[in-house]
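The next block holds one structure in the form of structure tokens; read it before the comments.
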Amino acid sequence: MAGVTTRTRLSPDQRRTQLLDLGVRLLSTRSVDELSIDLLAEEAGISRGLLYHYFGNKAAFHEAVVRHAADDLIAQTAPPTSGDAFERLHASMAAYLAYVEQNLAGYLSLVRGSAGGSEAMREIYDEARAALTDRVFDDEHDGFRVPDTPLARLVVRGWAAMAEDAVLSWVLDPTGVSREQLLDMLTAALPSLVATVPEQ
């Protein structure tokens, strides 16, 4: 019959993923603390009880949404497979900057939550940071190579902290610095720092 639509029945895993996707979208414009069970239930058109069924409690819900957002960040900033190491790093940093711009409130709450004593947030943050920085040690193509040594890992960790602070500062106030200037600086900084690390 014309005009009749059929609703696809989702499995519990599919429904949970759908709710997490919605949570991540809501997180792009609000902090984790502002992301409530009531808000997600209203946006999803379901009962609070069903959300508690999927996530247990508010803390578990927040953790699941933030972990899902961190997975999105890692996926969206994956460097391309073509081009030299500089080009891939530049593309990855451009994707990172775009992600922070589009998800500023949620990203800030993750950064602040990890520094504010939340063990769960710290764990998610550390796992995401490790996934992002470990990529540079896998790069064996043209351009530059980062030796996988304790000192090099310390240098890369410092570069990542600088990059995060620079990106957040620029997104909050880009006055006087263009996007390309920021990306060029961040891309050039890593090989310059790595050049100070002796081969072992």
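Ordering of the structure tokens sets the chain letters (A, B, ...), residue numbers begin anew at 1 in every chain, and ligands are numbered from 1 in the order given.
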> How would you write, as a VMD selection string, the set of residues in chain A that DSSP gives as helix (DSSP H, G or I)?
Replying inline: chain A and resid 12 to 27 37 to 44 48 to 55 58 to 76 85 to 102 104 to 115 119 to 138 150 to 172 179 to 194
> If you count only C-alpha atoms, which residues fall within 12 Å of Asp148 in chain A, apart from same-chain ones fewer than 2 positions away, as JSON, numbers by chain?
Replying inline: {"A": [133, 134, 135, 136, 137, 138, 139, 140, 145, 146, 150, 151, 152, 153, 154, 155, 156, 194, 197, 198, 199, 200]}
> How many Å lie between CA of Thr29 in chain A and CA of Tyr99 in chain A, rounded to one decimal?
Replying inline: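 That distance, rounded to one decimal, is 12.4 Å.
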> Restricting the calculation to only C-alpha atoms, which member of A:Met93, A:Val167, A:Arg15, A:Arg112 is positioned closest to Ile74 in chain A?
Replying inline: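 Counting only C-alpha atoms, the residue closest to Ile74 in chain A is A:Met93.
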> Which one of A:Thr149, A:Gly106, A:Tyr96, A:Ala130 sits closest to Glu164 in chain A if you count only C-alpha atoms?
Replying inline: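 Closest candidate: A:Tyr96.
In this comparison, which uses only C-alpha atoms, the residue of A:Arg67, A:Ala85, A:Leu182, A:Thr175 approaching Asp126 in chain A most closely is A:Arg67.
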> What separation in Å, quoted to one decimal, exists between CA of Met162 in chain A and CA of Gly23 in chain A?
Replying inline: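 Going from CA of Met162 in chain A over to CA of Gly23 in chain A, I get 28.6 Å.
Closest approach to Trp170 in chain A among A:Ala120, A:Glu127, A:Leu97, A:Val111: A:Leu97, based on only C-alpha atoms.
Every protein, DNA or RNA residue with an atom at most 8 Å from range 56-64 of chain A, where only C-alpha atoms count and chain neighbours fewer than 3 positions away do not, is listed here: A:Leu20, A:Val32, A:Leu35, A:Ser36, A:Ile37, A:Leu51, A:Tyr52, A:His53, A:Arg67, A:His68, A:Ala120, A:Met121.
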